[in-house]
file start.csv (CSV, C-alpha atoms)
chain,number,residue,atom,x,y,z
S,199,MET,CA,10.3,-11.3,-5.9
S,200,ILE,CA,10.6,-13.4,-9.0
S,201,LEU,CA,9.6,-17.0,-8.3
S,202,ASP,CA,11.0,-19.8,-10.5
S,203,LEU,CA,8.1,-22.2,-10.9
S,204,LYS,CA,9.5,-24.6,-13.5
S,205,LYS,CA,9.5,-27.5,-11.0
S,206,VAL,CA,5.9,-26.8,-10.0
S,207,PHE,CA,4.7,-26.6,-13.6
S,208,LEU,CA,6.4,-29.8,-14.6
S,209,THR,CA,5.8,-32.0,-11.5
S,210,GLU,CA,2.4,-33.0,-10.3
S,211,ASN,CA,1.6,-32.4,-6.6
S,212,GLU,CA,4.7,-30.1,-6.3
S,213,SER,CA,4.4,-26.9,-4.4
S,214,VAL,CA,6.4,-23.8,-3.4
S,215,SER,CA,5.7,-21.6,-0.4
S,216,VAL,CA,7.4,-18.3,0.4
S,217,GLN,CA,7.0,-15.5,2.9
S,218,GLU,CA,7.9,-12.1,1.7
S,219,GLU,CA,7.7,-8.4,2.7
S,220,PHE,CA,7.7,-5.6,0.2
S,221,VAL,CA,7.1,-1.8,0.3
S,222,LEU,CA,4.8,-0.1,-2.1
S,223,SER,CA,6.9,3.0,-2.2
S,224,GLU,CA,4.8,4.7,-4.9
S,225,MET,CA,1.9,4.8,-2.5
S,226,GLU,CA,2.5,7.0,0.7
S,227,ASN,CA,-0.7,5.6,2.3
S,228,PHE,CA,0.9,2.3,3.1
S,229,VAL,CA,2.1,2.7,6.7
S,230,THR,CA,3.8,-0.7,7.0
S,231,PRO,CA,5.4,-3.0,4.4
S,232,VAL,CA,3.1,-5.6,2.9
S,233,THR,CA,3.6,-9.0,4.4
S,234,ALA,CA,2.7,-11.8,2.0
S,235,ALA,CA,2.4,-15.6,2.4
S,236,VAL,CA,2.4,-17.1,-1.1
S,237,THR,CA,1.8,-20.8,-2.0
S,238,VAL,CA,1.9,-22.2,-5.6
S,239,GLU,CA,0.7,-25.8,-6.1
S,240,ASN,CA,0.3,-28.1,-9.0
S,241,HIS,CA,-3.1,-30.0,-8.7
S,242,ALA,CA,-3.2,-32.5,-11.5
S,243,GLY,CA,-1.7,-30.1,-13.9
S,244,MET,CA,-3.6,-27.0,-12.7
S,245,ILE,CA,-1.2,-24.5,-11.2
S,246,VAL,CA,-2.9,-22.5,-8.4
S,247,LEU,CA,-1.4,-19.5,-6.6
S,248,GLU,CA,-2.9,-18.6,-3.2
S,249,ALA,CA,-1.7,-15.5,-1.3
S,250,ALA,CA,-2.5,-13.9,2.0
S,251,VAL,CA,-1.4,-10.3,2.5
S,252,ARG,CA,-1.5,-8.0,5.5
S,253,PHE,CA,-0.7,-4.3,5.8
S,254,VAL,CA,-1.7,-1.0,7.5
S,255,TYR,CA,-3.2,1.6,5.3
S,256,ARG,CA,-3.7,5.3,6.3
S,257,ALA,CA,-5.9,7.8,4.5
S,258,PRO,CA,-8.2,10.7,5.3
S,259,CYS,CA,-11.8,9.9,5.8
S,260,ASP,CA,-13.8,10.8,2.6
S,261,ARG,CA,-16.6,12.4,4.7
S,262,CYS,CA,-14.9,14.2,7.6
S,263,GLY,CA,-11.2,14.4,6.5
S,264,GLN,CA,-9.8,12.9,9.7
S,265,PRO,CA,-6.7,10.7,9.2
S,266,VAL,CA,-7.5,7.0,9.8
S,267,SER,CA,-5.3,3.9,9.9
S,268,LYS,CA,-6.7,0.5,9.3
S,269,LYS,CA,-5.2,-3.0,9.3
S,270,ASN,CA,-6.1,-4.8,6.1
S,271,ALA,CA,-5.9,-8.5,5.3
S,272,TYR,CA,-6.8,-9.9,1.9
S,273,GLN,CA,-6.7,-13.4,0.3
S,274,PHE,CA,-6.0,-13.8,-3.4
S,275,ARG,CA,-6.2,-16.9,-5.7
S,276,HIS,CA,-5.1,-17.2,-9.3
S,277,ILE,CA,-4.6,-19.9,-11.8
S,278,LEU,CA,-1.2,-19.8,-13.6
S,279,VAL,CA,-0.4,-20.8,-17.1
S,280,SER,CA,2.9,-20.8,-19.0
S,281,GLU,CA,1.1,-19.5,-22.2
S,282,LEU,CA,-2.2,-17.6,-22.4
S,283,PRO,CA,-5.0,-19.2,-24.4
S,284,GLU,CA,-6.3,-16.8,-27.0
S,285,ASP,CA,-9.9,-16.6,-25.8
S,286,ASP,CA,-9.4,-16.8,-22.0
S,287,GLY,CA,-6.8,-14.1,-21.3
S,288,ASN,CA,-8.7,-12.6,-18.4
S,289,ASP,CA,-9.1,-15.8,-16.4
S,290,TYR,CA,-5.4,-16.8,-16.1
S,291,ILE,CA,-2.1,-15.2,-15.0
S,292,GLN,CA,0.8,-15.9,-17.4
S,293,ALA,CA,4.1,-17.1,-16.0
S,294,PRO,CA,6.4,-16.9,-19.1
S,295,ASP,CA,9.4,-19.1,-18.8
S,296,TYR,CA,7.9,-20.5,-15.6
S,297,LYS,CA,8.8,-17.3,-13.8
S,298,LEU,CA,6.4,-15.0,-11.9
S,299,ASP,CA,6.9,-11.5,-10.4
S,300,THR,CA,4.8,-11.9,-7.2
S,301,VAL,CA,5.3,-8.3,-6.0
S,302,SER,CA,3.8,-6.9,-9.2
S,303,LEU,CA,0.9,-9.3,-9.2
S,304,LEU,CA,0.1,-8.7,-5.5
S,305,ARG,CA,0.5,-5.0,-5.8
S,306,ASP,CA,-2.2,-4.9,-8.6
S,307,ASP,CA,-4.4,-7.2,-6.5
S,308,ILE,CA,-4.2,-5.0,-3.5
S,309,LEU,CA,-4.8,-1.8,-5.4
S,310,LEU,CA,-7.9,-3.3,-7.0
S,311,GLU,CA,-9.2,-4.5,-3.6
S,312,LEU,CA,-8.8,-1.3,-1.7
S,313,PRO,CA,-12.2,0.4,-1.0
S,314,SER,CA,-13.1,3.3,-3.3
S,315,LYS,CA,-14.6,5.2,-0.4
S,316,PHE,CA,-12.4,5.2,2.8
S,317,LEU,CA,-14.4,6.1,5.9
S,318,CYS,CA,-13.3,6.5,9.6
S,319,LYS,CA,-16.6,4.6,10.5
S,320,GLU,CA,-19.7,3.6,8.6
S,321,SER,CA,-21.8,6.1,10.6
S,322,CYS,CA,-19.5,9.1,9.9
S,323,LYS,CA,-21.6,12.3,9.6
S,324,GLY,CA,-19.1,14.2,7.7
S,325,LEU,CA,-18.7,18.0,7.6
S,326,CYS,CA,-21.3,20.8,7.6
S,327,SER,CA,-21.6,22.0,4.1
S,328,LYS,CA,-21.8,25.6,5.3
S,329,CYS,CA,-19.4,26.1,8.2
S,330,GLY,CA,-17.2,23.0,7.8
S,331,LYS,CA,-17.6,21.7,11.3
S,332,ASN,CA,-17.0,18.0,11.9
S,333,LEU,CA,-20.5,16.8,12.7
S,334,ASN,CA,-19.1,13.7,14.5
S,335,GLU,CA,-18.0,16.1,17.2
S,336,GLY,CA,-21.4,17.6,17.6
S,337,ALA,CA,-24.0,19.7,15.8
S,338,CYS,CA,-23.1,23.1,14.4
S,339,SER,CA,-25.0,26.3,14.8
S,340,CYS,CA,-26.1,26.5,11.1
S,341,GLU,CA,-29.8,26.7,10.4
S,342,ALA,CA,-30.9,23.2,9.6
S,343,LYS,CA,-34.0,23.9,7.5
S,344,GLU,CA,-32.8,26.4,5.0
S,345,ILE,CA,-34.8,26.1,1.8
S,346,ASP,CA,-33.1,26.0,-1.6
S,347,PRO,CA,-34.0,29.4,-3.2
S,348,ARG,CA,-35.0,27.6,-6.4
S,349,LEU,CA,-37.7,25.8,-4.5
S,350,ALA,CA,-39.0,28.7,-2.4
S,351,VAL,CA,-41.9,29.2,-4.8
S,352,LEU,CA,-43.1,25.7,-4.1
S,353,LYS,CA,-43.3,26.6,-0.4
S,354,GLN,CA,-45.6,29.5,-1.1
S,355,LEU,CA,-48.0,27.0,-2.9
S,356,LEU,CA,-48.1,24.8,0.2
S,357,SER,CA,-48.9,27.7,2.5
S,358,GLU,CA,-51.9,28.9,0.4

call {"tool": "encode", "arguments": {"input": "start.csv", "output": "structure tokens"}}
result
Amino acid sequence: MILDLKKVFLTENESVSVQEEFVLSEMENFVTPVTAAVTVENHAGMIVLEAAVRFVYRAPCDRCGQPVSKKNAYQFRHILVSELPEDDGNDYIQAPDYKLDTVSLLRDDILLELPSKFLCKESCKGLCSKCGKNLNEGACSCEAKEIDPRLAVLKQLLSE
């Protein structure tokens, strides 16, 4: 959604609030559309965008491979400017011609906020490296104390 923020930029204490839903179609892991509540306010000439987003995200656990769906809710805050200062380009979001594409901005925020490791639970035991059994469902029958063949010589030193 493209927001026209000219009135907010030019009028002190002015604000705009919108509710929107959008689909991140390029990402199949998003089970539901993203619901966003966006507010843009002018506080004594400083334009602040605050957004709250909610969605359900599904992905396989990085340890055991089981599919997991999680509800996510994030809060984002940005300072908007009509022109970027030369030295502070990373601190502000530019709204050229007082217009801002909120879907693009929030999509980038969400993708940066998603965890790099997606787990079904913090205590996930993963899969056995030999037989592939899901260790969350119980122990496997593999020998637990197999020694790395490269270190077998060190075991001989300990037994002497």

call {"tool": "residues_around", "arguments": {"input": "start.csv", "residues": "S:Val236", "least_positions_apart": "5", "cutoff": "7 Å", "atoms": "all atoms listed in the file", "output": "list in words"}}
result
Ser215, Val216, Gln217, Glu248, Ala249 and Ala250 of chain S

call {"tool": "closest_residue", "arguments": {"input": "start.csv", "among": "S:Leu349, S:Leu303, S:Val246, S:Cys262", "to": "S:Leu333", "atoms": "all atoms listed in the file"}}
result
S:Cys262

call {"tool": "closest_residue", "arguments": {"input": "start.csv", "among": "S:Val351, S:Ile277, S:Met225, S:Ala234", "to": "S:Leu309", "atoms": "all atoms listed in the file"}}
result
S:Met225

call {"tool": "atom_distance", "arguments": {"input": "start.csv", "atom1": "atom CA of S:Val229", "atom2": "atom CA of S:Arg275"}}
result
24.6 Å

call {"tool": "closest_residue", "arguments": {"input": "start.csv", "among": "S:Leu304, S:Tyr296, S:Lys353, S:Leu325", "to": "S:Cys340", "atoms": "only C-alpha atoms"}}
result
S:Leu325

call {"tool": "closest_residue", "arguments": {"input": "start.csv", "among": "S:Leu201, S:Leu355, S:Ala350, S:Leu317", "to": "S:Asp260", "atoms": "all atoms listed in the file"}}
result
S:Leu317

call {"tool": "closest_residue", "arguments": {"input": "start.csv", "among": "S:Pro294, S:Pro258, S:Pro347, S:Pro283", "to": "S:Gly324", "atoms": "all atoms listed in the file"}}
result
S:Pro258

call {"tool": "closest_residue", "arguments": {"input": "start.csv", "among": "S:Arg261, S:His276, S:Lys323, S:Lys269", "to": "S:Gln292", "atoms": "all atoms listed in the file"}}
result
S:His276

call {"tool": "atom_distance", "arguments": {"input": "start.csv", "atom1": "atom CA of S:Met199", "atom2": "atom CA of S:Glu284"}}
result
27.4 Å

call {"tool": "atom_distance", "arguments": {"input": "start.csv", "atom1": "atom CA of S:Ile245", "atom2": "atom CA of S:Glu210"}}
result
9.3 Å

call {"tool": "residues_around", "arguments": {"input": "start.csv", "residues": "S:Val238", "least_positions_apart": "2", "cutoff": "6 Å", "atoms": "all atoms listed in the file", "output": "PyMOL selection string"}}
result
chain S and resi 213-214+246-247

call {"tool": "decode", "arguments": {"input": "start.csv", "residues": "stretch 203-302 of chain S", "atoms": "C-alpha atoms", "output": "PDB file, in the first residue's frame"}}
result
ATOM      1  CA  LEU S 203       2.096  11.419   3.846  1.00  0.00           C
ATOM      2  CA  LYS S 204       2.264  14.990   2.554  1.00  0.00           C
ATOM      3  CA  LYS S 205      -0.210  16.283   5.162  1.00  0.00           C
ATOM      4  CA  VAL S 206       1.704  14.504   7.957  1.00  0.00           C
ATOM      5  CA  PHE S 207       5.051  15.909   6.821  1.00  0.00           C
ATOM      6  CA  LEU S 208       3.734  19.472   6.506  1.00  0.00           C
ATOM      7  CA  THR S 209       1.442  19.673   9.586  1.00  0.00           C
ATOM      8  CA  GLU S 210       2.735  19.382  13.142  1.00  0.00           C
ATOM      9  CA  ASN S 211       0.890  16.857  15.363  1.00  0.00           C
ATOM     10  CA  GLU S 212      -0.810  15.332  12.313  1.00  0.00           C
ATOM     11  CA  SER S 213      -1.101  11.548  12.121  1.00  0.00           C
ATOM     12  CA  VAL S 214      -2.344   8.801   9.816  1.00  0.00           C
ATOM     13  CA  SER S 215      -3.329   5.297  10.894  1.00  0.00           C
ATOM     14  CA  VAL S 216      -4.096   2.380   8.597  1.00  0.00           C
ATOM     15  CA  GLN S 217      -4.844  -1.308   8.974  1.00  0.00           C
ATOM     16  CA  GLU S 218      -3.762  -3.498   6.105  1.00  0.00           C
ATOM     17  CA  GLU S 219      -3.297  -7.115   5.119  1.00  0.00           C
ATOM     18  CA  PHE S 220      -0.840  -8.297   2.526  1.00  0.00           C
ATOM     19  CA  VAL S 221       0.438 -11.622   1.265  1.00  0.00           C
ATOM     20  CA  LEU S 222       4.117 -12.368   0.926  1.00  0.00           C
ATOM     21  CA  SER S 223       3.578 -14.573  -2.109  1.00  0.00           C
ATOM     22  CA  GLU S 224       7.279 -15.048  -2.832  1.00  0.00           C
ATOM     23  CA  MET S 225       7.630 -16.845   0.510  1.00  0.00           C
ATOM     24  CA  GLU S 226       5.679 -20.114   0.824  1.00  0.00           C
ATOM     25  CA  ASN S 227       6.378 -20.298   4.573  1.00  0.00           C
ATOM     26  CA  PHE S 228       3.835 -17.587   5.393  1.00  0.00           C
ATOM     27  CA  VAL S 229       0.644 -19.529   6.214  1.00  0.00           C
ATOM     28  CA  THR S 230      -1.558 -16.476   6.751  1.00  0.00           C
ATOM     29  CA  PRO S 231      -1.512 -12.985   5.272  1.00  0.00           C
ATOM     30  CA  VAL S 232       0.462 -10.435   7.256  1.00  0.00           C
ATOM     31  CA  THR S 233      -1.823  -8.168   9.281  1.00  0.00           C
ATOM     32  CA  ALA S 234      -0.327  -4.736   9.917  1.00  0.00           C
ATOM     33  CA  ALA S 235      -1.406  -1.735  11.960  1.00  0.00           C
ATOM     34  CA  VAL S 236       0.601   1.294  10.824  1.00  0.00           C
ATOM     35  CA  THR S 237       0.656   4.747  12.417  1.00  0.00           C
ATOM     36  CA  VAL S 238       2.651   7.712  11.105  1.00  0.00           C
ATOM     37  CA  GLU S 239       2.859  10.808  13.326  1.00  0.00           C
ATOM     38  CA  ASN S 240       4.513  14.200  13.127  1.00  0.00           C
ATOM     39  CA  HIS S 241       6.092  15.036  16.512  1.00  0.00           C
ATOM     40  CA  ALA S 242       7.475  18.566  16.290  1.00  0.00           C
ATOM     41  CA  GLY S 243       8.762  17.974  12.783  1.00  0.00           C
ATOM     42  CA  MET S 244      10.029  14.438  13.396  1.00  0.00           C
ATOM     43  CA  ILE S 245       7.992  11.928  11.381  1.00  0.00           C
ATOM     44  CA  VAL S 246       7.736   8.567  13.166  1.00  0.00           C
ATOM     45  CA  LEU S 247       6.288   5.389  11.700  1.00  0.00           C
ATOM     46  CA  GLU S 248       5.234   2.654  14.122  1.00  0.00           C
ATOM     47  CA  ALA S 249       3.948  -0.684  12.890  1.00  0.00           C
ATOM     48  CA  ALA S 250       2.688  -3.845  14.546  1.00  0.00           C
ATOM     49  CA  VAL S 251       2.546  -6.965  12.384  1.00  0.00           C
ATOM     50  CA  ARG S 252       1.132 -10.456  12.986  1.00  0.00           C
ATOM     51  CA  PHE S 253       1.302 -13.630  10.898  1.00  0.00           C
ATOM     52  CA  VAL S 254       1.694 -17.405  11.095  1.00  0.00           C
ATOM     53  CA  TYR S 255       4.962 -18.831   9.793  1.00  0.00           C
ATOM     54  CA  ARG S 256       5.559 -22.514   8.968  1.00  0.00           C
ATOM     55  CA  ALA S 257       8.957 -24.120   8.423  1.00  0.00           C
ATOM     56  CA  PRO S 258      10.718 -27.386   9.188  1.00  0.00           C
ATOM     57  CA  CYS S 259      12.659 -27.546  12.449  1.00  0.00           C
ATOM     58  CA  ASP S 260      16.373 -27.060  11.750  1.00  0.00           C
ATOM     59  CA  ARG S 261      17.286 -29.942  14.081  1.00  0.00           C
ATOM     60  CA  CYS S 262      14.626 -32.646  13.595  1.00  0.00           C
ATOM     61  CA  GLY S 263      12.923 -31.624  10.334  1.00  0.00           C
ATOM     62  CA  GLN S 264       9.362 -31.739  11.710  1.00  0.00           C
ATOM     63  CA  PRO S 265       7.052 -29.035  10.262  1.00  0.00           C
ATOM     64  CA  VAL S 266       6.251 -26.343  12.825  1.00  0.00           C
ATOM     65  CA  SER S 267       3.831 -23.404  12.661  1.00  0.00           C
ATOM     66  CA  LYS S 268       4.351 -20.409  14.916  1.00  0.00           C
ATOM     67  CA  LYS S 269       2.372 -17.236  15.451  1.00  0.00           C
ATOM     68  CA  ASN S 270       4.640 -14.213  15.188  1.00  0.00           C
ATOM     69  CA  ALA S 271       4.113 -10.618  16.276  1.00  0.00           C
ATOM     70  CA  TYR S 272       6.685  -7.878  15.752  1.00  0.00           C
ATOM     71  CA  GLN S 273       6.839  -4.141  16.406  1.00  0.00           C
ATOM     72  CA  PHE S 274       8.799  -1.812  14.114  1.00  0.00           C
ATOM     73  CA  ARG S 275       9.685   1.868  14.437  1.00  0.00           C
ATOM     74  CA  HIS S 276      11.254   4.108  11.797  1.00  0.00           C
ATOM     75  CA  ILE S 277      11.991   7.792  11.377  1.00  0.00           C
ATOM     76  CA  LEU S 278      10.896   9.082   7.982  1.00  0.00           C
ATOM     77  CA  VAL S 279      12.454  11.885   5.953  1.00  0.00           C
ATOM     78  CA  SER S 280      11.585  13.347   2.570  1.00  0.00           C
ATOM     79  CA  GLU S 281      15.287  13.546   1.614  1.00  0.00           C
ATOM     80  CA  LEU S 282      18.144  11.453   2.995  1.00  0.00           C
ATOM     81  CA  PRO S 283      21.017  13.308   4.663  1.00  0.00           C
ATOM     82  CA  GLU S 284      24.343  12.397   3.057  1.00  0.00           C
ATOM     83  CA  ASP S 285      25.952  10.978   6.202  1.00  0.00           C
ATOM     84  CA  ASP S 286      22.997   9.299   7.965  1.00  0.00           C
ATOM     85  CA  GLY S 287      21.422   7.183   5.236  1.00  0.00           C
ATOM     86  CA  ASN S 288      21.113   4.099   7.458  1.00  0.00           C
ATOM     87  CA  ASP S 289      19.193   5.820  10.254  1.00  0.00           C
ATOM     88  CA  TYR S 290      16.221   7.051   8.241  1.00  0.00           C
ATOM     89  CA  ILE S 291      13.663   5.803   5.742  1.00  0.00           C
ATOM     90  CA  GLN S 292      13.177   8.046   2.736  1.00  0.00           C
ATOM     91  CA  ALA S 293       9.661   8.927   1.620  1.00  0.00           C
ATOM     92  CA  PRO S 294      10.255  10.653  -1.725  1.00  0.00           C
ATOM     93  CA  ASP S 295       7.426  12.952  -2.768  1.00  0.00           C
ATOM     94  CA  TYR S 296       5.897  12.258   0.675  1.00  0.00           C
ATOM     95  CA  LYS S 297       4.874   8.760  -0.426  1.00  0.00           C
ATOM     96  CA  LEU S 298       5.847   5.478   1.243  1.00  0.00           C
ATOM     97  CA  ASP S 299       5.374   1.857   0.169  1.00  0.00           C
ATOM     98  CA  THR S 300       4.525   0.268   3.528  1.00  0.00           C
ATOM     99  CA  VAL S 301       4.298  -3.292   2.187  1.00  0.00           C
ATOM    100  CA  SER S 302       7.854  -3.195   0.868  1.00  0.00           C
TER     101      SER S 302
END
